[in-house]
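Each remark here refers to the structure printed beneath this line.
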Amino acid sequence: MTAGRPPTHAPYPYPLSADALREAVAQYGANPVYQDSAEWFNEDNPYRRQMRPQDLGHLDFSRVLPASEILGNSALAAQRLLTSIYEADMMYLPPTGFAEKREDFSAFYNASNRTLGEMIRPALERHAYGFLDDEVHVTGKWTRDSFRSYLEAFAENPPNGDSPSIRAVENSSDPERAARMYLLQFAADFLSEASPMVRNALGNYGNPQSEWFKIIIDEYGYGVHETKHSRLYENTLESVGLRSDVHHYWQFYLSSSLMMNNYFHFLAKNHENFFRHLGALYYTETALIEDCRSQSKMMRKVFGDSADVTYFDEHVHIDTHHSRMAIDKLIWPVIEQCGEGVIPDIVRGFEELQAINVIADRDLVDQIRWMDGEPAGKDLHGPVRAAIDSGTVTAPVTRLVEPRGKLTNTFVHDEDVLCHVVSGTMKVVCGLDSHHILEAGQGMVIPRQRLHGASIESEECVYEIHSVGDYRKCLS
């Protein structure tokens with residue numbers, strides 16, 4: 001990757017005006033399967049995906065998000081929307097109780113939902129992934145020799161699997177809770193593993209197409225369901241007390257986790273990105289070797305022998321093979337077939353996925369640390385509240401009154417906020433099995449871009465949300 005002049009984003013290029021886009025997104029979000037839920041989990045229903053439709057009409061998806069906002073509420077909403085739009089091309093059936101879910105099945109797969117999804121998809125992709133144009137620059141003239149040198153440099157310093165998020169799990173005050181939060185972040189991808197790849201298995205592009213399909217066949221266990229990679233991951237989740245039904249933990253997916261999974265759909269759905277997909281494929285098949293080795297070790301360390309780590313151990317083996325296949329059987333033959341002009345796109349996909357990996361790792365580390373910081377948010381309540389009351393800090397406030405059982409589905413704030421309970425009792429949920437109870441007169445600081453939700457535990461709760469911007473200014 002070589003730095004160059006940052007690109008200038010083209011004006012909003014789609015047939016829908018910004019206002020029409022906002023209306024189409026709101027219409028898409030009005031589908032009954034996307035409504036807020038009164039429960040934290042989706043019970044064996046792959047069609048239910050809470051979108052917080054009350055937010056959608058206020059978000060501007062016609063702009064490109066800068067990197068500073070890529071974990072904000074608009075990004076989370078866009079990634080949730082894109083997940084559902086992409087997965088309307090996939091086939092999901094619940095293991096049991098289909099008759100009771102038939103109406104949701106029809107609502108998710110009907111022509112109206114699919115058509116609206118395709119209308120808004122290009123703008124959402126630009127909104128969510130346009131920042132990569134500023135983060136990754138591939139410049140200069142690329143030849144076979146320079147590309148070979150690029151690969152050799154990577155081979156000399158390959159990913160070592162020692163990720164900050166794995167260290168955060170192992171150093172957590174509750175490693176088992178942190179590990180479960182870590183594992184569920186991969187569920188959106190691993191429970192339908194290789195589905196994006198299938199999009200590029202169609203058509204006709206010679207021998208590389210057959211080599212591509214060989215990788216897909218491996219992912220699908222050569223037709224033996226018990227060895228299919230998604231089935232192996234189901235076993236992993238179940239072995240540590242997690243559910244394995246698709247999107248059971250929808251409300252606990254981080255924006256960056258969905259960004260990672262959706263990136264492969266984004267590449268594969270838009271065939272003009274085929275060469276970028278090749279680069280991303282090579283990176284993931286190579287990086288996963290050591291990643292999975294480290295994940296297997298972490299699982300054994302945290303859960304002991306009860307953890308089923310077959311999924312990770314299998315990938316240490318098979319991805320060593322897939323990495324060689326991706327470069328020798330796919331990338332080099334495609335360059336020979338299509339010419340050196342495709343190399344910059346291959347490099348771009350490789351570099352973009354690395355950039356997204358870094359973002360996702362940092363996001364998960366921050367979430368685990370926030371889940372671990374039991375008293376921290378509460379301890380900040382007093383000083384921040386005092387700064388607001390004294391007028392030292394001006395913080396716009398929203399006052400809300402809600403009844404028992406009211407559940408605020410998960411989202412993120414774009415700036416630090418102080419949540420202060422005036423009367424009643426509130427549970428603030430910070431992640432899977434992590435929450436704080438706030439009584440009258442109590443409160444906590446919720447950091448920007450941290451996933452959270454809330455439920456009312458008293459007959460009525462009156463509370464205030466103070467938008468403080470950066471809470472550290474309240475402490476100076």
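To be explicit about the labels: the chains of the structure tokens are called A, B, and onward in the order shown, and within each one the residues are counted from 1, while ligands get numbers from 1 in the order they are shown.
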Residues near range 256-268 of chain A, anyone? I mean within 6 Å using only C-alpha atoms, not counting same-chain ones fewer than 2 positions away, as a PyMOL selection string.
chain A and resi 79+185+189+196+199+254+270-271+273+277+360
Please report, as JSON lines, each residue of range 61-112 of chain A lying at most 7 Å from range 30-39 of chain A, together with the nearest pair of atoms and the separation in Å rounded to one decimal; use only C-alpha atoms, and order rows by chain and ascending residue number.
```
{"residue": "A:Asp104", "atom": "CA", "partner": "A:Val33", "partner_atom": "CA", "distance": 6.2}
{"residue": "A:Ala107", "atom": "CA", "partner": "A:Val33", "partner_atom": "CA", "distance": 6.9}
{"residue": "A:Phe108", "atom": "CA", "partner": "A:Val33", "partner_atom": "CA", "distance": 7.0}
```
For Ala88 in chain A, which of A:Gln367, A:Ser195, A:Pro122, A:Ser17 is the closest residue, counting only C-alpha atoms?
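Looking only at the distances to Ala88 in chain A, the closest residue turns out to be A:Ser195.
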At a cut-off of 12 Å, using only C-alpha atoms, what residues contact Arg369 in chain A? Leave out same-chain residues fewer than 4 positions from it and give the result as a PyMOL selection string.
chain A and resi 164-165+167-175+177-178+181+362-365+373-377+430-431+434+447+450
Kindly export the residues of the current selection with C-alpha atoms, as a CSV table (one decimal), in the first residue's frame.
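Here's the written file selection.csv:
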```csv
chain,number,residue,atom,x,y,z
A,164,PRO,CA,-5.6,-7.2,21.2
A,165,SER,CA,-9.1,-8.6,21.4
A,167,ARG,CA,-5.6,-10.4,25.1
A,168,ALA,CA,-8.6,-8.4,26.3
A,169,VAL,CA,-10.6,-11.6,26.8
A,170,GLU,CA,-7.8,-13.3,28.7
A,171,ASN,CA,-7.2,-10.2,30.9
A,172,SER,CA,-10.9,-9.5,31.5
A,173,SER,CA,-12.3,-9.5,35.0
A,174,ASP,CA,-14.7,-12.1,33.7
A,175,PRO,CA,-12.9,-14.1,31.0
A,177,ARG,CA,-18.3,-13.6,29.8
A,178,ALA,CA,-15.8,-11.7,27.6
A,181,MET,CA,-19.1,-11.8,23.8
A,362,ARG,CA,-10.2,-2.2,18.6
A,363,ASP,CA,-14.0,-2.0,18.8
A,364,LEU,CA,-14.2,-5.3,20.6
A,365,VAL,CA,-11.4,-4.5,23.0
A,373,GLY,CA,-15.6,-1.4,34.1
A,374,GLU,CA,-18.3,-2.1,36.5
A,375,PRO,CA,-18.0,1.0,38.7
A,376,ALA,CA,-16.3,3.3,36.3
A,377,GLY,CA,-19.4,4.7,34.6
A,430,CYS,CA,-23.5,-3.1,28.3
A,431,GLY,CA,-23.1,-6.4,26.5
A,434,SER,CA,-23.2,-7.3,31.6
A,447,PRO,CA,-19.1,6.4,26.3
A,450,ARG,CA,-20.4,1.8,23.0
```
Just want the 7 Å neighbourhood of range 75-78 of chain A, counted on only C-alpha atoms, with same-chain residues fewer than 4 positions away dropped. Output as a PyMOL selection string.
chain A and resi 51+70-71+82+124+128+255
